[in-house]
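Before any comments, here is the structure.
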Amino acid sequence: MSKRSAIYGVMAEFDHAEQLVEATRRTREAGYSRIDAFTPFPIHGLPEALGFRRTRLPLIVLVGGILGGLTGYLLQYYSAAVAYPVNVGGRPLNSWPSFIPVTFEMTVLIAAISAVLGMLALNGLPQPYHPVFNVPRFALASRDRFFLLVEARDPHYDHDSTWKFLESLGAREVFDVEH
Amino acid sequence: MSQVDVPQAPHDPHHHPPVIAPGHTYASVTDKISTIVLTEPVSRGWIVGFAISFLLTMMLLYAITYLLVKGTGIWGINVPVAWGFAIINFVWWIGIGHAGTLISAILLLLHQEWRTSINRFAEAMTLFAVACAGLFPLIHMGRPWLFYWLLPYPNTMQLWPQFRSPLVWDVFAVSTYATVSLLFWYVGLIPDLATLRDRSHRRSGRLIYGALALGWRGSARHWFRYQTAYLLLAALATPLVVSVHTVVSFDFAISILPGWHTTIFPPYFVAGAIYSGFAMVLTLALPLRKFYGLEDFITMRHINNMAKIMLATGLIVAYGYLMELFIGFYSGSIFESAAMRNRLFGPYAPFFWALILCNVLTPQLLWSKRIRTNVLILFFISLVVNAGMWLERFVIVITSLHRDFLPSSWAMYYPTRWDWATYIGTIGLFLALLFLFIRLLPMISIFEMRELVTPHAKSNGMQAARSLDRGDDAHE
Amino acid sequence: MNHMDTSLGNRLDQIRRYALYAGAAGLIVWLLASAILGMRVALGAYLIGFLYVLGLSLGALAILMLQHLTGGAWGRMIRRVLEASSRVLPLVTLLALPVLLGMRALYIWTQADVVAGDEVLASKGWYLNVPGFVVRTVVYFAVWLALVFLLNRWAREQERTPYSQQSNWLRSLSGPGLVLYGLTMTFAAFDWAMSLEPHWFSTIYGVLFLIGQANNAFAFAVGVTLLLAWWRGVSETLSRDTLADLGNLMLAFIMLWAYIAFSQFLIIWSGNLPEEIPWYLARLRGGWGVLALLLVIFHFAVPFALLLQAEVKRNPRTLAGLAALVLIVRAVDLVWTVAPSFSTHGHHDGIWVALLAPVAIAGLGGLWLWQFVQQLRSRSLLPYPEETAHSLDASAEVA
C-alpha cells in the first residue's frame with residue numbers, strides 16, 4: 001500500500017454556503033465523482049451540485065403505508081369475522097365502517113416507521129465511526145463551517161493535485177482525512 | 001395617500017416582524033442555544049422548579065401504588081359515573097399534546113417558518129402530555145397488568161379485541177400517536193444531537209450525545225434524505241393528529257348516551273385539542289422565554305400568531321357548544337333536551353357556566369392586538385383556557401353520565417383526594433420531564449435556526465417542501 | 001396588463017350570452033316539467049339548484065375573507081374571480097324568493113294538520129314556524145349582502161390608494177365576517193335543507209354545508225382562473241408553486257369533506273338509533289346507494305389519489321380538470337343530500353326531484369354564470385400586477 005492510499009481523502013473548509021455549492025459544482029465538473037459535502041444545515045442546490053437528485057424514500061413510505069393499512073384491515077376482518085365471530089348489536093361480522101379507524105392508524109404507523117428506518121438505512125446510519133471525524137476542525141461542520149471531501153477512492157484522485165485544486169477553489173484550509 | 005407611519009405594507013400580509021432578531025449568525029445561534037444545555041450552570045429557579053415537580057411526581061407514584069393495592073374504589077367513580085377524573089384527565093392531556101404536532105407538522109406543510117423556534121419545545125410537550133394521558137386509561141382499567149389484553153395477538157383464551165369498540169380504536173390511535181410523535185421528535189433532534197456531541201466538553205456528554213446522534217455528519221446526501229423523511233413524517237402526522245382526537249371523540253360519540261352521541265364531536269374535539277394545546281404552549285413558552293432570554297428567537301410574532309390560532313380554535317369550540325345546545329333542544333327527543341337542560345341548570349351547572357366564561361368569553365379579548373401582544377395578560381388568558389378545557393371535559397363526562405335514562409339510577413359524582421393526587425401528580429410528572437428536557441436537550445431546533453439566519457433564503461425545510469411538491473423525488 | 005384584450009373580451013361576452021340562453025332554456029324546461037310533475041317536485045329540484053348557486057357565491061365570500069386574514073400568493077391569483085362570484089349574491093337573493101313562496105309545498109312542518117298529529121313536530125314549533133323561517137331568511141341575506149358589499153367596496157378602494165386604511169378594515173371585517181357567515185349559513189342549512197326531514201337532526205350538518213360551499217367555490221375560482229390564463233396564453237407562466245398551493249388547498253377541502261362526512265356516518269351507523277339512522281337507510285339503498293358510492297369514489301378517492309401527486313397539482317390542465325370534477329360532484333352531493341328527503345312521509349317524489357335537479361341546476365347556474373361574467377368583466381383580472389405584487393409602490397400604479 002502506498003503512502004497516499006493510507007488516507008481516506010482530502011477535505012476543504014469553506015466559510016460560506018455559496019462558496020461550497022460553487023466549489024462542489026466545479027469539483028464535479030473537474031471529473032471527480034467520489035465527493036461529499038458536509039454542512040451545518042441543509043443547503044438548497046447542494047444535492048444537485050453533487051449530482052444527487054432523487055431518493056427512493058417516498059416509494060418506501062408508500063409501500064409501508066399500503067402494507068400497514070392492509071395488515072390493519074385484514075387483522076380486524078380475521079379476528080371479527082373468522083376467528084371470533086360475535087354478533088354485536090346486530091352489526092355485520094365485517095363491520096367495515098368500524099374498521100376504518102384502526103386501518104387508518106396502522107397505515108400511518110407503518111408508513112412513519114418506514115420513513116424513519118428507510119431514511120436511516122439509505123443514509124447508512126447509525127455509523128459509529130467515520131474517517132471525517134479525524135479532522136479536528138470537522139467539529140465545526142455542526143456549527144458554522146462548510147466542508148468538501150474528495151475521497152482517495154476517486155479515480156481522478158491524486159493527493160497533491162487534488163489538494164491544490166481544492167485550494168484553488170477558495171478553501172479557507174485543506175486537510176488530509178486519515179483512516 | 002393616508003398614513004405612512006405603519007412600517008409594514010398595509011395590504012401585504014407577507015410583511016411581518018422577523019421570526020428571529022437581527023444580527024444573529026450561524027455561530028451565535030448555535031452557541032446561544034447549546035450553552036443552555038452544555039455549560040450554563042444549573043440555576044436556582046430550575047432546582048426549585050424541578051424539586052417541586054419531582055415531589056408531585058412522587059405523589060403520583062404513591063397514589064398509583066395505593067391504587068394498585070386497593071383498586072379503583074379509592075376514586076370517586078361508581079355507577080352511573082364510571083368514567084371520572086381518569087377519562088377527563090386523559091382527554092385533557094392528549095388534547096394538550098396536539099398543539100405540538102400541529103406546530104411541527106401542519107405549520108411546516110403550510111410554509112409557516114415562524115414555527116421553527118417553537119416546534120422542538122412543542123413536540124417535547126406533546127410527548128410528555130401523551131405520556132401523562134396514556135397513564136390514565138391504563139390505571140383506570142383496574143388490573144393494569146393485563147393491559148396487553150387490549151392488543152390483538154393469538155392467545156390461549158382464543159379471544160380477540162372487539163374492533164367495533166372505539167375503546168380499541170383508541171389503543172391503536174394513542175399508541176400510534178405516541179410512536180410517531182417520538183419518531184418525529186427524535187428525527188428532528190438528530191442534527192442537533194450531533195452539534196451537542198461536537199461541542200460538549202465532557203467525555204460523558206460526547207459519548208451520550210454521540211451515541212444518540214447515530215454518527216450524523218451533515219453530509220449533503222444525508223440532509224437530502226433527512227428532509228424528505230421529515231416532510232413525509234409531517235405529512236403523515238397531520239392527518240394522524242386529527243384522527244387521534246377524532247377517535248377520542250368517538251369514545252363518547254359512538255355510544256348512544258345523550259350529551260355524548262352527537263355528530264359534531266370529531267371536529268369540535270380536534271379544535272378543542274388544538275385550542276388547549278396552544279394555551280399550554282403559551283403557558284410554558286412565555287416564562288421560559290423570559291428566564292432563558294430567548295426573546296430573540298421566540299418573538300412577538302410567534303406570540304401574536306399563537307394567540308390568533310387560539311382565538312380561531314376557541315371560536316370553533318364555541319360553535320360546537322352552540323350546536324350541541326341548539327340541536328339538543330331542536331331534536332324533539334326528551335332525552336336530548338333533558339341532557340342539555342341538566343347541563344345548563346342541573347347540579348353541575350356552575351361548571352358549565354365557568355366553562356363558558358373560560359372558553360368562550362375570555363378568549364374574545366384576543367380580538368385585540370394589544371392584548372395578543374401583552375405577555376402578562378396573554379399568560380393569564382392561557383391559564384384560563386387550560387382550566388376551561390379541563391372543565392369542558394368535566395362537563396362532557398360527568399354531566400352526561402350522572403343522569404342517564406332512568407331517574408332511579410341517577411347519582412352525583414365527587415372526586416376523592418386520590419383523584420386529585422393523581423391528577424396533580426401528572427402535572428408534576430409533565431413539568432419534571434419538561435425541566436429535564438430543557439437542561440438536557442436543545443429546546444430550540446438549532447439547525448433550523450441556522451437556516452433562518454441564512455440571508456435572503458427561505459428556510460430549507462420549506463424549500464424541501466417545495467422541491468418534494470415539485471416531484472423532484474416523489475413517485476418513482 | 002389590466003386591459004382585457006378584445007379577443008378575451010369577445011370570448012367572455014360569448015359565454016355570458018350562452019349562459020343566459022342556458023339559464024333561460026333550463027328554466028323553461030323546468031317550468032314545463034313542473035306542470036307535469038307537480039309543484040312539490042319542481043320546487044324540490046329548484047331548491048337543489050338554488051343551494052348550488054348560493055354555495056358558489058357564499059363559498060367565494062368565505063374564501064375571500066379567509067384570504068384577507070391569511071394572505072398568500074394563491075389568494076391574489078384567484079381573488080378577482082372570488083370577488084366576482086360573491087357579487088352575484090344579489091341575484092341569488094332574488095332566486096331565494098321561490099323557496100320562500102313555495103315553502104308550504106316544500107316543508108311539511110308548515111302544514112298545521114301534519115304538525116298537529118305529530119308530537120315531535122309539535123314540540124319543534126318554537127323553531128320550525130313560518131314567520132321564524134321568513135325572518136331568518138331575511139336576516140341571513142342581510143348579513144351576507146352587507147359582507148359582500150363592504151368587502152368588494154373596500155377591496156376596490158384599497159387598490160386605488162396604497163397605504164390605505166382599507167387593508168386593515170378588510171382584515172378586521174374578515175374575522176367577525178367569517179364567524180357571522182359560519183353561524184348564518186349553519187342555520188340556513190338547517191332551515192332550507194335539514195328541515196325537509198324535520199324529525200332528523202345532526203349537529204355537524206351545517207359544517208358539511210360550509211365545507212361543501214367553500215370546496216365548490218374554490219374549485220370554481222381555480223377553474224376559471226386557469227381557463228382565463230389559458231385564453232390569455234399565459235398559462236405556462238403561472239407560478240408552479242402557487243399552482244401547487246391551489247392544489248393542496250383543494251386536497252385539504254376534499255379531505256375535510258371526507259373526514260366530516262365519514263365521521264357523521266360512522267357515529268350514526270354505530271348508534272343505530274331510530275330517530276337518526278333512517279336518513280342513511282334511505283340514502284344507502286337502491287339508486288341512492290349508487291350515488292353514495294359515486295361520491296366516495298369521485299368526491300374523495302379519485303381527487304385524493306390524484307392530488308397527492310406533485311405533477312398533477314403543478315399542471316394547469318389536470319388541476320383545471322379536477323376543479324371541473326369537484327363542480328360536478330358537489331351537485332351530486334347536493335342531490336344525494338336533498339332529493340331523498342322528498343321520498344319520506346309517504347311521498348315518493350325523490351327520484352323525480354333528482355331527475356329534474358340537473359335541469360334546475362342548469363337553469364339557475366346559467367343565470368348565475370351570466371351575472372358572474374358580467375361582474376368579472378367590470379374589473380381587472382388581477383388585484384395588482386403579479387410581478388410587483390410584493391412591492392408597495394407598484395400597487396399605486398394600478399387604477
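Following the order of the C-alpha cells, first chain is A, next is B, and so on, with residues numbered from 1 inside each chain and ligands from 1 in the order they appear.
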Once DSSP has gone over the backbone, tell me which residues of segment 29-136 of chain A are in alpha helix (DSSP H), as an MDAnalysis selection string. chainID A and resid 29 46:49 57:77 96:123
Write out as a ChimeraX atom specification each polymer residue whose atoms come within 10 Å of Asp333 of chain C, counting only C-alpha atoms; drop sequence neighbours fewer than 2 positions from it. /C:212,291-292,294-295,299,328-331,335-339
If we count only C-alpha atoms and set the cut-off at 10 Å, which residues sit around Leu117 of chain A, ignoring sequence neighbours fewer than 4 positions away in its own chain? Please answer as a PyMOL selection string. (chain A and resi 57+60-61+111-113+121-123+125) or (chain B and resi 183+229)
Write the residues of the selection above to a file with N, CA, C and O atoms, as a tab-separated table (two decimals), in the first residue's frame.
chain	number	residue	atom	x	y	z
A	57	LEU	N	-37.04	7.15	-0.98
A	57	LEU	CA	-37.75	7.18	0.30
A	57	LEU	C	-39.27	7.28	0.14
A	57	LEU	O	-40.01	6.53	0.79
A	60	ILE	N	-40.68	3.96	-0.57
A	60	ILE	CA	-40.63	3.08	0.60
A	60	ILE	C	-41.80	3.39	1.53
A	60	ILE	O	-42.48	2.49	2.03
A	61	VAL	N	-42.03	4.68	1.74
A	61	VAL	CA	-43.11	5.08	2.66
A	61	VAL	C	-44.47	4.68	2.09
A	61	VAL	O	-45.34	4.19	2.83
A	111	ALA	N	-46.23	3.49	7.84
A	111	ALA	CA	-45.61	4.45	6.91
A	111	ALA	C	-44.58	5.30	7.65
A	111	ALA	O	-43.48	5.54	7.13
A	112	ALA	N	-44.89	5.75	8.86
A	112	ALA	CA	-43.96	6.60	9.61
A	112	ALA	C	-42.71	5.82	9.99
A	112	ALA	O	-41.58	6.32	9.87
A	113	ILE	N	-42.91	4.58	10.43
A	113	ILE	CA	-41.74	3.78	10.78
A	113	ILE	C	-40.89	3.54	9.53
A	113	ILE	O	-39.65	3.61	9.58
A	121	ALA	N	-31.54	3.82	6.96
A	121	ALA	CA	-30.88	2.76	6.20
A	121	ALA	C	-30.23	3.32	4.94
A	121	ALA	O	-29.07	3.00	4.64
A	122	LEU	N	-30.95	4.18	4.22
A	122	LEU	CA	-30.37	4.74	3.00
A	122	LEU	C	-29.15	5.59	3.32
A	122	LEU	O	-28.21	5.68	2.53
A	123	ASN	N	-29.17	6.24	4.48
A	123	ASN	CA	-28.04	7.08	4.87
A	123	ASN	C	-26.92	6.27	5.50
A	123	ASN	O	-25.87	6.83	5.85
A	125	LEU	N	-26.94	4.98	8.47
A	125	LEU	CA	-26.83	5.32	9.88
A	125	LEU	C	-27.57	4.26	10.69
A	125	LEU	O	-28.50	3.66	10.17
B	183	LEU	N	-40.89	9.48	17.08
B	183	LEU	CA	-40.04	9.41	15.89
B	183	LEU	C	-39.79	10.80	15.32
B	183	LEU	O	-38.66	11.16	14.97
B	229	ALA	N	-37.56	12.65	4.56
B	229	ALA	CA	-38.18	11.86	5.63
B	229	ALA	C	-38.97	12.77	6.57
B	229	ALA	O	-40.09	12.46	6.97
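For the set A:Tyr32, A:Phe52, A:Tyr73, A:Phe38, the residue with the smallest atom-to-atom gap to Val132 of chain A is A:Phe38, counting only C-alpha atoms.
The two atoms in question, atom CA of Gln374 of chain C and atom CA of Arg17 of chain C, are spaced 10.2 Å apart.
Within 9 Å of chain A, and counting only C-alpha atoms, chain C contributes Phe262, Phe265, Leu266, Trp269 and Ser270 of chain C.
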Interface list for chain C, partner chain B, 8 Å threshold, only C-alpha atoms, as a PyMOL selection string: chain C and resi 70-72+120-121+123-124+127+158+161-165+167-168+179+183+199-204+241+244+260+263-264+266-268+270-271+273+309-311+314+390+392
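Nearest to chain B of all the residues A:Glu29, A:Asp15, A:Asp36, A:Glu173 is A:Asp36, counting only C-alpha atoms.
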Distance filter 7 Å, only C-alpha atoms, chain B against chain A, as a ChimeraX atom specification: /B:26-27,30,159-160,163-164,169,172-173,176,180,194-195,198,214-215,217-226,229,233,236,240,447,450-451,460,472-476
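All residues within chain A that the backbone DSSP calculation assigns to strand (DSSP E) are Ile7, Tyr8, Gly9, Val10, Met11, Ala12, Glu13, Phe14, Ile35, Asp36, Ala37, Phe38, Phe146, Phe147, Leu148, Leu149, Val150, Glu151, Glu173, Val174, Phe175, Asp176, Val177 and Glu178 of chain A.
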Residues from the last selection, N, CA and C atoms, saved as a CSV table (one decimal), in the first residue's frame:
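Now in selection.csv:
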chain,number,residue,atom,x,y,z
A,7,ILE,N,-4.5,7.4,3.4
A,7,ILE,CA,-5.5,8.4,3.9
A,7,ILE,C,-6.8,8.2,3.2
A,8,TYR,N,-7.9,8.7,3.8
A,8,TYR,CA,-9.3,8.5,3.3
A,8,TYR,C,-9.6,9.4,2.2
A,9,GLY,N,-9.0,10.6,2.3
A,9,GLY,CA,-9.3,11.6,1.3
A,9,GLY,C,-8.8,13.0,1.7
A,10,VAL,N,-9.2,14.0,0.9
A,10,VAL,CA,-8.7,15.3,1.2
A,10,VAL,C,-10.0,16.2,1.4
A,11,MET,N,-9.9,17.1,2.4
A,11,MET,CA,-11.1,17.8,2.7
A,11,MET,C,-10.8,19.3,2.7
A,12,ALA,N,-11.7,20.1,2.2
A,12,ALA,CA,-11.5,21.6,2.2
A,12,ALA,C,-12.6,22.2,3.1
A,13,GLU,N,-12.2,23.3,3.7
A,13,GLU,CA,-13.1,24.0,4.6
A,13,GLU,C,-13.5,25.3,4.0
A,14,PHE,N,-14.8,25.7,4.0
A,14,PHE,CA,-15.3,26.9,3.4
A,14,PHE,C,-16.0,27.7,4.5
A,35,ILE,N,-17.2,12.3,-4.2
A,35,ILE,CA,-17.1,13.5,-3.3
A,35,ILE,C,-18.3,13.6,-2.4
A,36,ASP,N,-18.1,14.4,-1.4
A,36,ASP,CA,-19.3,14.6,-0.5
A,36,ASP,C,-19.1,16.0,0.2
A,37,ALA,N,-20.2,16.6,0.5
A,37,ALA,CA,-20.2,17.9,1.2
A,37,ALA,C,-20.8,17.8,2.5
A,38,PHE,N,-20.3,18.6,3.5
A,38,PHE,CA,-20.8,18.5,4.9
A,38,PHE,C,-21.2,19.9,5.3
A,146,PHE,N,-18.4,24.9,6.4
A,146,PHE,CA,-18.9,24.0,5.3
A,146,PHE,C,-17.7,23.3,4.7
A,147,PHE,N,-17.8,22.0,4.5
A,147,PHE,CA,-16.7,21.1,4.1
A,147,PHE,C,-17.0,20.4,2.9
A,148,LEU,N,-15.9,20.2,2.1
A,148,LEU,CA,-16.0,19.4,0.8
A,148,LEU,C,-14.9,18.3,0.9
A,149,LEU,N,-15.3,17.1,0.6
A,149,LEU,CA,-14.4,16.0,0.7
A,149,LEU,C,-14.3,15.3,-0.6
A,150,VAL,N,-13.0,15.0,-1.0
A,150,VAL,CA,-12.7,14.2,-2.2
A,150,VAL,C,-12.1,12.9,-1.6
A,151,GLU,N,-12.7,11.8,-1.9
A,151,GLU,CA,-12.2,10.5,-1.4
A,151,GLU,C,-11.0,10.0,-2.2
A,173,GLU,N,-9.0,26.4,4.2
A,173,GLU,CA,-8.0,25.5,4.6
A,173,GLU,C,-8.2,24.1,4.0
A,174,VAL,N,-7.2,23.3,3.8
A,174,VAL,CA,-7.4,22.0,3.2
A,174,VAL,C,-6.7,21.0,4.2
A,175,PHE,N,-7.4,19.8,4.4
A,175,PHE,CA,-6.8,18.8,5.4
A,175,PHE,C,-6.7,17.5,4.7
A,176,ASP,N,-5.8,16.7,5.3
A,176,ASP,CA,-5.8,15.2,5.0
A,176,ASP,C,-6.8,14.6,5.9
A,177,VAL,N,-7.6,13.7,5.4
A,177,VAL,CA,-8.5,12.9,6.2
A,177,VAL,C,-7.9,11.5,6.4
A,178,GLU,N,-7.5,11.2,7.6
A,178,GLU,CA,-6.9,9.9,7.8
A,178,GLU,C,-7.9,8.8,8.1
With only C-alpha atoms as the counted atoms, please give the residues lying no more than 7 Å from segment 98-104 of chain B, apart from itself and same-chain residues fewer than 2 positions off, as a ChimeraX atom specification. /B:94-96,106-108,115,119,122-123,125-126,237,241,273-274,277-278
Create the file for the chosen residues now, containing C-alpha atoms and written as a CSV table (one decimal), in the first residue's frame.
chain,number,residue,atom,x,y,z
B,94,ILE,CA,-53.9,14.2,25.0
B,95,GLY,CA,-55.6,17.4,23.8
B,96,ILE,CA,-52.7,19.5,25.1
B,106,ILE,CA,-49.1,21.3,9.9
B,107,LEU,CA,-47.3,24.6,10.0
B,108,LEU,CA,-44.4,23.1,8.2
B,115,ARG,CA,-42.9,27.7,13.7
B,119,ASN,CA,-41.5,23.3,17.3
B,122,ALA,CA,-43.8,22.0,21.5
B,123,GLU,CA,-43.0,18.4,20.3
B,125,MET,CA,-44.6,19.0,25.2
B,126,THR,CA,-46.6,16.6,23.0
B,237,ALA,CA,-48.5,13.3,11.3
B,241,VAL,CA,-53.2,14.2,14.9
B,273,ALA,CA,-57.4,19.9,21.5
B,274,ILE,CA,-55.6,22.5,19.4
B,277,GLY,CA,-52.6,22.8,23.2
B,278,PHE,CA,-51.8,26.3,22.2
Got a sec: who's within 9 Å of Leu31 of chain C, counting only C-alpha atoms, leaving out chain neighbours fewer than 5 positions off, as a compact mmCIF listing (two decimals) with N, CA, C and O atoms, in the first residue's frame?
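Result saved to part-v7.txt:
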# COMPACT_ATOMS: atom_id res chain seq x y z
N GLY C 26 -83.05 26.30 -19.38
CA GLY C 26 -83.22 25.44 -18.21
C GLY C 26 -84.49 25.78 -17.46
O GLY C 26 -85.26 24.89 -17.08
N ILE C 36 -95.96 19.02 -15.36
CA ILE C 36 -96.29 17.58 -15.39
C ILE C 36 -96.08 16.95 -14.02
O ILE C 36 -96.91 16.20 -13.53
N ALA C 42 -91.11 20.14 -8.51
CA ALA C 42 -90.45 21.27 -9.17
C ALA C 42 -89.69 22.10 -8.14
O ALA C 42 -88.53 22.48 -8.37
Just the residues within 12 Å of Phe291 of chain B, please, counting only C-alpha atoms, with nothing from its chain fewer than 6 positions along; format it as number ranges by chain. B: 36, 43-46, 284-285, 438
For the selection just defined, write its residues with N, CA, C and O atoms to a file, as an mmCIF file, in the first residue's frame.
data_model
loop_
_atom_site.group_PDB
_atom_site.id
_atom_site.type_symbol
_atom_site.label_atom_id
_atom_site.label_comp_id
_atom_site.auth_asym_id
_atom_site.auth_seq_id
_atom_site.Cartn_x
_atom_site.Cartn_y
_atom_site.Cartn_z
ATOM 1 N N ILE B 36 -27.090 26.626 26.820
ATOM 2 C CA ILE B 36 -28.099 26.398 27.866
ATOM 3 C C ILE B 36 -27.972 24.965 28.354
ATOM 4 O O ILE B 36 -28.088 24.662 29.537
ATOM 5 N N SER B 43 -29.521 26.750 37.387
ATOM 6 C CA SER B 43 -29.949 27.923 38.143
ATOM 7 C C SER B 43 -30.785 27.494 39.338
ATOM 8 O O SER B 43 -31.307 26.383 39.395
ATOM 9 N N ARG B 44 -30.903 28.418 40.290
ATOM 10 C CA ARG B 44 -31.680 28.112 41.481
ATOM 11 C C ARG B 44 -33.146 27.901 41.126
ATOM 12 O O ARG B 44 -33.800 27.001 41.629
ATOM 13 N N GLY B 45 -33.627 28.717 40.197
ATOM 14 C CA GLY B 45 -35.016 28.577 39.774
ATOM 15 C C GLY B 45 -35.284 27.186 39.232
ATOM 16 O O GLY B 45 -36.304 26.569 39.533
ATOM 17 N N TRP B 46 -34.336 26.680 38.452
ATOM 18 C CA TRP B 46 -34.519 25.352 37.876
ATOM 19 C C TRP B 46 -34.593 24.309 38.980
ATOM 20 O O TRP B 46 -35.449 23.433 38.977
ATOM 21 N N LEU B 284 -46.264 27.677 28.882
ATOM 22 C CA LEU B 284 -44.886 27.254 29.138
ATOM 23 C C LEU B 284 -43.864 28.155 28.453
ATOM 24 O O LEU B 284 -42.803 28.458 29.018
ATOM 25 N N ALA B 285 -44.187 28.591 27.234
ATOM 26 C CA ALA B 285 -43.187 29.325 26.459
ATOM 27 C C ALA B 285 -42.970 30.734 27.003
ATOM 28 O O ALA B 285 -41.849 31.247 26.971
ATOM 29 N N ILE B 438 -35.332 20.709 29.162
ATOM 30 C CA ILE B 438 -34.664 21.964 28.833
ATOM 31 C C ILE B 438 -33.220 21.978 29.317
ATOM 32 O O ILE B 438 -32.410 22.754 28.824
#
Quick one: residues within 7 Å of segment 76-90 of chain C, only C-alpha atoms, excluding same-chain residues fewer than 3 positions away - as a VMD selection string? chain C and resid 56 to 58 60 to 61 64 72 to 73 93 to 94 145 148 152 221 to 222 225 368 371 to 372 375 to 376 381 to 383
Could those residues be written to a file, using N, CA, C and O atoms, as a compact mmCIF listing (two decimals), in the first residue's frame?
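Okay, this is what ended up in part.txt:
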# COMPACT_ATOMS: atom_id res chain seq x y z
N LEU C 56 -71.92 28.74 -4.50
CA LEU C 56 -70.86 29.36 -5.32
C LEU C 56 -70.57 30.77 -4.83
O LEU C 56 -69.41 31.19 -4.74
N SER C 57 -71.62 31.53 -4.50
CA SER C 57 -71.41 32.91 -4.07
C SER C 57 -70.90 32.97 -2.63
O SER C 57 -69.96 33.70 -2.33
N LEU C 58 -71.55 32.20 -1.75
CA LEU C 58 -71.17 32.30 -0.33
C LEU C 58 -69.82 31.66 -0.07
O LEU C 58 -69.03 32.17 0.74
N ALA C 60 -67.40 31.63 -2.10
CA ALA C 60 -66.43 32.62 -2.55
C ALA C 60 -66.24 33.70 -1.49
O ALA C 60 -65.11 34.12 -1.20
N LEU C 61 -67.35 34.12 -0.90
CA LEU C 61 -67.27 35.13 0.16
C LEU C 61 -66.40 34.62 1.31
O LEU C 61 -65.53 35.33 1.82
N LEU C 64 -62.76 34.41 0.34
CA LEU C 64 -62.25 35.77 0.23
C LEU C 64 -61.85 36.30 1.61
O LEU C 64 -60.76 36.88 1.79
N GLY C 72 -51.15 35.34 1.08
CA GLY C 72 -50.61 34.26 0.26
C GLY C 72 -50.84 34.52 -1.21
O GLY C 72 -51.82 35.15 -1.61
N ALA C 73 -49.90 34.02 -2.02
CA ALA C 73 -49.97 34.28 -3.46
C ALA C 73 -51.20 33.63 -4.08
O ALA C 73 -51.78 34.16 -5.03
N THR C 93 -80.15 36.32 -4.15
CA THR C 93 -81.20 36.74 -3.21
C THR C 93 -82.56 36.70 -3.88
O THR C 93 -83.54 36.22 -3.31
N LEU C 94 -82.62 37.19 -5.12
CA LEU C 94 -83.88 37.13 -5.85
C LEU C 94 -84.31 35.68 -6.06
O LEU C 94 -85.48 35.34 -5.96
N LEU C 145 -75.33 40.04 2.23
CA LEU C 145 -75.23 41.16 1.29
C LEU C 145 -74.35 42.26 1.86
O LEU C 145 -73.54 42.86 1.14
N VAL C 148 -70.72 41.16 1.48
CA VAL C 148 -70.29 41.24 0.08
C VAL C 148 -70.07 42.69 -0.31
O VAL C 148 -69.05 43.05 -0.93
N ASN C 152 -66.20 44.06 -1.16
CA ASN C 152 -65.90 44.49 -2.52
C ASN C 152 -65.57 45.97 -2.59
O ASN C 152 -64.67 46.39 -3.31
N ALA C 221 -63.31 28.96 -8.67
CA ALA C 221 -62.35 30.05 -8.85
C ALA C 221 -61.07 29.54 -9.49
O ALA C 221 -60.51 30.20 -10.38
N VAL C 222 -60.60 28.38 -9.06
CA VAL C 222 -59.37 27.83 -9.65
C VAL C 222 -59.59 27.52 -11.12
O VAL C 222 -58.79 27.88 -11.99
N THR C 225 -59.83 30.75 -13.17
CA THR C 225 -58.54 31.41 -13.26
C THR C 225 -57.64 30.70 -14.28
O THR C 225 -56.98 31.35 -15.12
N TRP C 368 -76.71 32.37 -13.01
CA TRP C 368 -75.62 32.77 -12.11
C TRP C 368 -74.37 33.09 -12.91
O TRP C 368 -73.71 34.11 -12.69
N GLN C 371 -74.48 36.43 -14.72
CA GLN C 371 -74.16 37.54 -13.83
C GLN C 371 -72.68 37.54 -13.47
O GLN C 371 -72.05 38.58 -13.36
N PHE C 372 -72.14 36.35 -13.29
CA PHE C 372 -70.74 36.23 -12.89
C PHE C 372 -69.83 36.85 -13.95
O PHE C 372 -68.93 37.65 -13.63
N GLN C 375 -69.98 40.53 -13.88
CA GLN C 375 -69.22 41.08 -12.76
C GLN C 375 -67.72 40.96 -13.00
O GLN C 375 -66.97 41.86 -12.66
N LEU C 376 -67.31 39.84 -13.58
CA LEU C 376 -65.87 39.64 -13.82
C LEU C 376 -65.35 40.68 -14.79
O LEU C 376 -64.25 41.20 -14.63
N LEU C 381 -58.49 41.75 -14.08
CA LEU C 381 -58.46 40.33 -13.73
C LEU C 381 -57.56 40.02 -12.55
O LEU C 381 -57.69 39.01 -11.92
N LEU C 382 -56.61 40.89 -12.28
CA LEU C 382 -55.72 40.64 -11.16
C LEU C 382 -55.77 41.83 -10.23
O LEU C 382 -55.90 42.97 -10.68
N PRO C 383 -55.69 41.60 -8.93
CA PRO C 383 -55.76 42.71 -7.98
C PRO C 383 -54.67 43.74 -8.23
O PRO C 383 -54.91 44.92 -8.19
B:Ala129, B:Leu361, B:Leu286, B:Val81: which is nearest Leu311 of chain B, counting only C-alpha atoms? B:Leu361
